[in-house]
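Peer 1: Below is the structure I would like to discuss, written out as C-alpha cells.
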Protein chains: 2
Amino acid sequence: MPVTIQDIADRAGVSIATVSRALAGTTGVASSTRELVLKIAAEMGYHPNIMARRLQKQRTDTIGFIIPTFGPRFSDPFFSEFLAGIGNEAAEHNFDLLVSTCAPGPKELEGYRRLVNERRVDGLLIVRTRHQDARIAYLIEQDFPFVAFGRSDLDVDFPYLDIDGKQGMRALTQHLIDQGHTRIAYISAPWDLMFSNYRFEGYCDALQRNSIAYDESLVVSGCLTDMCGYEAGHALFCKSDPPSAVIACNDLMALGVISAAQACDLKVGQDVAVAGFDDIPLAKHAQPPLTTVRQPIYQIGRRVCSMLLHLLQGATLEDSHLLLEPELVLRKSTQLVAKKGGGISGGR
Amino acid sequence: MPVTIQDIADRAGVSIATVSRALAGTTGVASSTRELVLKIAAEMGYHPNIMARRLQKQRTDTIGFIIPTFGPRFSDPFFSEFLAGIGNEAAEHNFDLLVSTCAPGPKELEGYRRLVNERRVDGLLIVRTRHQDARIAYLIEQDFPFVAFGRSDLDVDFPYLDIDGKQGMRALTQHLIDQGHTRIAYISAPWDLMFSNYRFEGYCDALQRNSIAYDESLVVSGCLTDMCGYEAGHALFCKSDPPSAVIACNDLMALGVISAAQACDLKVGQDVAVAGFDDIPLAKHAQPPLTTVRQPIYQIGRRVCSMLLHLLQGATLEDSHLLLEPELVLRKSTQLVAKKGGGISGGR
DNA sequence: TTGAAAGCGCTAACAA
DNA sequence: TTGTTAGCGCTTTCAA
C-alpha cells in the first residue's frame, strides 16, 4: 500500500491540507511544520499519486505524439530524432510523452479523437503536415492545443515551426547548376505532404532563375524510403537520356539513388551527382558522403515541444509562426573534384 | 465543459450508478434503461474521463518504455521498429504508451523510479539488457511488472524474450568459413550489453568448431553506429594483414564497414566479405546487399508487449523465457559469385 | 433492477 | 498558520 498524505498527516498530527501545502512548497505553512512534514514524508517513502493529482487539477501534464507512418518497418531517422527532442524537452518540464503510431488515412483521426475526447493529453504535436490536413482542421475545431512542425494550406491560424524548404531546395539546386548540371532529376515526396510542395517550388525556382527548361520526365514521385529512392533512381539511370544529377527529397531516398547508381555502374560524384535533404547521420558516412540540406531535427523537436509547453501554461507565443533557414551541406556526392575530408558547409 | 455521467443521469432520470453500469456493459441493467442511457450518452457526446477512472481503478492502463540511447542523434532503426511494435500492440488493447529517453548511466534509474514510484505506468518494457542490469535489479526489488527483450546474468528470475544471438552468429560465421574465409574480423557491440557476449560466443564457437585459431587482433569493439563501423572497418583494412571478411555486431556498423571498404578501394562481395546482424530495412538495399541475421524487431516488440499485457491482467505466462531462433539472410555482400536477385534465406 | 453512498488521493476555497 | 470541507468523475459495494 503506497503512502498517502493521510498517512503523513496522521503521523505528523496535522491535517491533510497542511501536508498538501507543505509538500507543494511555499504557501503559508510554518517552516517548522513544513520541515516535520517533509521529514516524515521522506521517512515513509511518500510519492504523490499522479492520477489523483491529475483528476483534481484537470490536467494530465502529458503531451501526445502520433507518429504518422506507413507499415511496421519504418526506420526513418526523422522520427527517432524528433522523438528524442520532444521527449527530452518534455521530461525537463516534468511532462510525460504519450506516443502512438497510425498510418495517414481515414482511420487516423480516431487516434486523435481518442486522445482529445478522453483527455489523455493536454496538447499534441503534429508533424508532416499535409494538404488540407484533417488533423489540424480537427484540432482547431476542437480548440485543442497543438503545435505543428510544418505549415498548412488550411485557411486557419495555428502555431507552427517550419524549415524553409523552398529556400533550402533552391540553394541545393543552384549548387548543382553551378557545378554545370542542366539535366537535374528530382525525386519528390508524396504531393499531399506540404513540405513536398515547398521543396519542389525551390527546385523549379532555381531552374527558372537559370533559364533551364523544366523537364517533367525528370521529375518522379517517391515515398521517402530508401527502396523508393532505389527504384526511382534506377528508372532514371535506365533512361536513354539520363540526368547528370539527381536530387531526392530526403536523404533516405538519396541513399537509395546512390545504390541504384552503383548498381548501374555509375560512380556517384563522378558520373553522376546525387543530393538529399535532411542530413541524417548516415548521410555523412555514405559512400560517397552525401550533399544535403540540414534540418536540425532534434532541436526542432525540442523547440516545437517547448512552444507547446508554453501554450499549455497559458502563455502567448511571442512568435507562433517560425520559419527557419536550413543549411546547405556540401559533400562529395556532388563534387566533381574529390576533396579528402568531410563536408564543408555553408548557408546561402 | 465535458459531459459527465451526472449529466447523463440527470437527463435520463436515473442515478449515476445506473449510468455507470449501463455504460460499462453487461451488469444488471434493464435493457430498456441501458439503451436509453446509451442513446443519451451518444447524443450528448459523452466521453469518459480517463483520469477519474484511473484513480478509481488504481490502474493507469499505460505501459512505459524508456529508450536507452546515447546522445540526441540516434537513428537506430531498432528503436523505431520496436516502438511501432509495442505501440500497436498496446493500442489494440486500449493501453497507452509512455515513452522517454535516457542514456544508460548513473542517472538512468531516476527515470525508472519516477515512473514506478508515482505510478505513472502499470508496467515497463526493457531492451538492450546489460551485464548485472541495474534496471532489472531495481524492478525486481520493487516487484514492478516488466518484460525484457534480452536475458541477464543477474541471479533472479524475470520474464523475457530473446533472440538466440549465439546461434545466429555461429551460423553467420560458419557461412563465411564455408565460403573459404579464415581471417574473419569481428566488430563487437559494447561488452556490457548482454547480446554482445552471446553473439561473440557464437563467433568464437564457429571458429573453434572449424579449428580456426582465435586472433584477438581481429576483434574490435564498436558502439553500434555506422560511424563506429566505419572507423573500425577502416582500421581493419589498413592493417598489414587485413581480414578477408568482417562481421559487425549490427547492420548499422556493417554499413559503416562497407563505406570504409569502398573508401579503401576494396570491393565488398569480391575483395572482402561483410556481414551484419538485425536485417534493418537498409540492409537489403545496401550496395551490395548485406548478408545478415534477421531479428523480426516489430514482431518482437508486439510479442514482448503482449507478454506484459498478459502479466498486467494477472495472468501467468505459459512461457516466460522465450528464446527465438534468428534467421540467416544471405545476400551479395558475402557471396563471391554475384548472383542476380535478392537474398536467399535459410535458418538452420 | 435501481439508488444511495462511500471512497480513489489529491487540491483549494473558506473558516477559524 | 492551520483545519474543515467540498469536490475532481468515476466505480462499486450495500440496501432497497
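If you're wondering about the labels, chains in the C-alpha cells are A, B, ... by order shown, residues count from 1 in each chain, ligands from 1 in order shown.
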With chain D as the partner and 10 Å as the cut-off, tabulate the residues of chain B that qualify, each row holding the nearest pair of atoms and their distance in Å to one decimal, using only C-alpha atoms (C1' of nucleotides), sorted by chain and rising number, as CSV.
Peer 2:
residue,atom,partner,partner_atom,distance
B:Thr4,CA,D:DG9,C1',7.0
B:Ile5,CA,D:DG9,C1',7.8
B:Gln6,CA,D:DG9,C1',8.7
B:Ile16,CA,D:DC10,C1',9.4
B:Ala17,CA,D:DT11,C1',8.2
B:Ser20,CA,D:DT11,C1',7.6
B:Arg21,CA,D:DT11,C1',8.9
B:Ala24,CA,D:DT11,C1',9.7
B:Pro48,CA,D:DG9,C1',8.3
B:Asn49,CA,D:DG9,C1',6.4
B:Ile50,CA,D:DC10,C1',8.7
B:Met51,CA,D:DG9,C1',8.1
B:Ala52,CA,D:DG9,C1',5.0
B:Arg53,CA,D:DC10,C1',5.1
B:Arg54,CA,D:DC10,C1',8.4
B:Leu55,CA,D:DC10,C1',8.1
B:Gln56,CA,D:DC10,C1',6.3
B:Lys57,CA,D:DT11,C1',7.4
Peer 1: Select all residues from chain C having any atom no more than 12 Å from an atom of chain A (counting only C-alpha atoms (C1' of nucleotides), ignoring ligands), output as a list in words.
Peer 2: DC8, DG9, DC10, DT11, DA12 and DA13 of chain C
Peer 1: Which chain B residues are at most 7 Å from chain A (counting only C-alpha atoms), as a PyMOL selection string?
Peer 2: chain B and resi 47-52+54-55+72-75+77+80-81+84+87-88+96-101+117-120+226-227+256+259+282+285-287+298
Peer 1: Take the residues just selected and output them with N, CA and C atoms as an mmCIF file, in the first residue's frame.
Peer 2:
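Heads up, here's the output in part.cif:
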data_model
loop_
_atom_site.group_PDB
_atom_site.id
_atom_site.type_symbol
_atom_site.label_atom_id
_atom_site.label_comp_id
_atom_site.auth_asym_id
_atom_site.auth_seq_id
_atom_site.Cartn_x
_atom_site.Cartn_y
_atom_site.Cartn_z
ATOM 1 N N HIS B 47 -17.846 11.284 -23.237
ATOM 2 C CA HIS B 47 -16.608 10.504 -23.269
ATOM 3 C C HIS B 47 -16.117 10.398 -21.842
ATOM 4 N N PRO B 48 -15.768 9.205 -21.430
ATOM 5 C CA PRO B 48 -15.353 9.033 -20.030
ATOM 6 C C PRO B 48 -14.124 9.856 -19.707
ATOM 7 N N ASN B 49 -14.033 10.284 -18.488
ATOM 8 C CA ASN B 49 -12.840 10.957 -18.012
ATOM 9 C C ASN B 49 -11.864 9.885 -17.547
ATOM 10 N N ILE B 50 -10.840 9.713 -18.357
ATOM 11 C CA ILE B 50 -9.894 8.630 -18.112
ATOM 12 C C ILE B 50 -9.180 8.752 -16.777
ATOM 13 N N MET B 51 -8.860 9.964 -16.397
ATOM 14 C CA MET B 51 -8.121 10.136 -15.143
ATOM 15 C C MET B 51 -8.967 9.716 -13.942
ATOM 16 N N ALA B 52 -10.247 10.065 -14.000
ATOM 17 C CA ALA B 52 -11.132 9.674 -12.907
ATOM 18 C C ALA B 52 -11.207 8.154 -12.824
ATOM 19 N N ARG B 54 -9.019 6.093 -13.842
ATOM 20 C CA ARG B 54 -7.738 5.541 -13.399
ATOM 21 C C ARG B 54 -7.557 5.659 -11.893
ATOM 22 N N LEU B 55 -7.983 6.776 -11.374
ATOM 23 C CA LEU B 55 -7.852 6.964 -9.929
ATOM 24 C C LEU B 55 -8.680 5.920 -9.198
ATOM 25 N N PRO B 72 21.519 12.779 -28.773
ATOM 26 C CA PRO B 72 20.277 13.067 -29.478
ATOM 27 C C PRO B 72 20.207 12.410 -30.846
ATOM 28 N N ARG B 73 21.354 12.213 -31.471
ATOM 29 C CA ARG B 73 21.347 11.744 -32.849
ATOM 30 C C ARG B 73 21.275 10.244 -32.965
ATOM 31 N N PHE B 74 20.261 9.676 -32.400
ATOM 32 C CA PHE B 74 20.164 8.236 -32.550
ATOM 33 C C PHE B 74 19.198 7.941 -33.677
ATOM 34 N N SER B 75 19.631 7.101 -34.558
ATOM 35 C CA SER B 75 18.767 6.804 -35.688
ATOM 36 C C SER B 75 18.718 5.304 -35.893
ATOM 37 N N PRO B 77 17.378 2.053 -36.378
ATOM 38 C CA PRO B 77 16.044 1.603 -36.763
ATOM 39 C C PRO B 77 15.467 0.619 -35.763
ATOM 40 N N SER B 80 12.900 2.425 -33.706
ATOM 41 C CA SER B 80 11.697 2.801 -34.447
ATOM 42 C C SER B 80 10.769 1.610 -34.594
ATOM 43 N N GLU B 81 11.343 0.520 -35.008
ATOM 44 C CA GLU B 81 10.505 -0.643 -35.258
ATOM 45 C C GLU B 81 9.950 -1.233 -33.976
ATOM 46 N N ALA B 84 7.125 0.863 -32.859
ATOM 47 C CA ALA B 84 5.918 0.617 -33.639
ATOM 48 C C ALA B 84 5.248 -0.662 -33.159
ATOM 49 N N GLY B 87 3.795 -0.097 -29.645
ATOM 50 C CA GLY B 87 2.731 0.900 -29.754
ATOM 51 C C GLY B 87 1.456 0.294 -30.312
ATOM 52 N N ASN B 88 1.590 -0.459 -31.380
ATOM 53 C CA ASN B 88 0.403 -1.037 -31.993
ATOM 54 C C ASN B 88 -0.238 -2.098 -31.109
ATOM 55 N N ASP B 96 -2.166 2.880 -23.208
ATOM 56 C CA ASP B 96 -1.347 3.976 -23.676
ATOM 57 C C ASP B 96 0.119 3.593 -23.558
ATOM 58 N N LEU B 97 0.922 4.256 -24.352
ATOM 59 C CA LEU B 97 2.355 4.001 -24.314
ATOM 60 C C LEU B 97 3.086 5.287 -23.934
ATOM 61 N N LEU B 98 3.797 5.201 -22.831
ATOM 62 C CA LEU B 98 4.554 6.347 -22.345
ATOM 63 C C LEU B 98 6.014 6.141 -22.725
ATOM 64 N N VAL B 99 6.578 7.117 -23.400
ATOM 65 C CA VAL B 99 7.943 6.954 -23.880
ATOM 66 C C VAL B 99 8.848 8.054 -23.343
ATOM 67 N N SER B 100 10.026 7.684 -22.944
ATOM 68 C CA SER B 100 11.018 8.719 -22.682
ATOM 69 C C SER B 100 12.380 8.180 -23.082
ATOM 70 N N THR B 101 13.350 9.050 -23.105
ATOM 71 C CA THR B 101 14.678 8.599 -23.493
ATOM 72 C C THR B 101 15.644 8.940 -22.376
ATOM 73 N N ASN B 117 7.467 4.902 -8.886
ATOM 74 C CA ASN B 117 7.015 5.497 -7.630
ATOM 75 C C ASN B 117 5.701 6.252 -7.763
ATOM 76 N N GLU B 118 5.633 7.029 -8.781
ATOM 77 C CA GLU B 118 4.437 7.852 -8.926
ATOM 78 C C GLU B 118 3.346 7.137 -9.703
ATOM 79 N N ARG B 119 3.569 5.881 -9.923
ATOM 80 C CA ARG B 119 2.593 5.025 -10.602
ATOM 81 C C ARG B 119 2.048 5.667 -11.877
ATOM 82 N N ARG B 120 2.978 6.080 -12.699
ATOM 83 C CA ARG B 120 2.573 6.652 -13.974
ATOM 84 C C ARG B 120 2.258 5.560 -14.985
ATOM 85 N N ASP B 226 26.895 3.616 -37.372
ATOM 86 C CA ASP B 226 27.573 3.458 -38.649
ATOM 87 C C ASP B 226 28.956 4.110 -38.601
ATOM 88 N N MET B 227 29.062 5.176 -37.844
ATOM 89 C CA MET B 227 30.360 5.842 -37.734
ATOM 90 C C MET B 227 31.394 4.927 -37.091
ATOM 91 N N GLY B 256 28.679 0.896 -42.127
ATOM 92 C CA GLY B 256 29.887 1.702 -41.986
ATOM 93 C C GLY B 256 31.105 0.975 -42.524
ATOM 94 N N SER B 259 31.195 1.221 -46.227
ATOM 95 C CA SER B 259 31.717 2.528 -46.628
ATOM 96 C C SER B 259 33.228 2.566 -46.504
ATOM 97 N N LEU B 282 17.475 -0.988 -44.468
ATOM 98 C CA LEU B 282 18.558 -0.542 -45.331
ATOM 99 C C LEU B 282 19.480 -1.684 -45.772
ATOM 100 N N HIS B 285 18.951 -2.969 -49.246
ATOM 101 C CA HIS B 285 19.218 -2.050 -50.345
ATOM 102 C C HIS B 285 20.600 -1.437 -50.287
ATOM 103 N N ALA B 286 21.430 -1.998 -49.443
ATOM 104 C CA ALA B 286 22.816 -1.522 -49.409
ATOM 105 C C ALA B 286 23.478 -1.962 -50.706
ATOM 106 N N GLN B 287 24.627 -1.397 -50.958
ATOM 107 C CA GLN B 287 25.358 -1.757 -52.170
ATOM 108 C C GLN B 287 26.708 -2.332 -51.796
ATOM 109 N N TYR B 298 9.887 -5.727 -35.175
ATOM 110 C CA TYR B 298 8.498 -5.295 -34.989
ATOM 111 C C TYR B 298 7.694 -6.378 -34.278
#
Peer 1: Write down as a PyMOL selection string the residues belonging to stretch 171-342 of chain A that are assigned helix (DSSP H, G or I) by DSSP computed on the backbone.
Peer 2: chain A and resi 171-178+194-209+216-218+226-237+251-263+281-284+297-312+332-334
Peer 1: Please compute the atom CA of A:Val156-atom CA of A:Asp319 distance, one decimal, in Å.
Peer 2: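 Atom CA of A:Asp319 lies 16.2 Å from atom CA of A:Val156.
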Peer 1: Could you give me, as an MDAnalysis selection string, the residues within 6 Å of B:Thr334, counting only C-alpha atoms (C1' of nucleotides) and dropping anything in the same chain fewer than 6 positions from it?
Peer 2: chainID B and resid 269 273:274
Peer 1: Just want the 10 Å neighbourhood of A:Ile8, counted on only C-alpha atoms (C1' of nucleotides), with same-chain residues fewer than 2 positions away dropped. Output as a list in words.
Peer 2: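 The residues satisfying every condition are Val3, Thr4, Ile5, Gln6, Asp10, Arg11, Ala12, Gly13, Val14, Ser15, Ile16, Val19, Ser20, Leu36, Val37, Leu38, Lys39, Ile40, Ala41, Ala42, Glu43, Met44 and Tyr46 of chain A.
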Peer 1: Give the strand (DSSP E or B) residues of stretch 34-267 of chain A, as DSSP finds them on the backbone, and put them as a count of residues only.
Peer 2: 41
Peer 1: One decimal, Å: what's the distance from atom CA of A:Pro242 over to atom CA of A:Gly276, could you say?
Peer 2: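 Spanning atom CA of A:Pro242 to atom CA of A:Gly276 is a straight-line distance of 18.2 Å.
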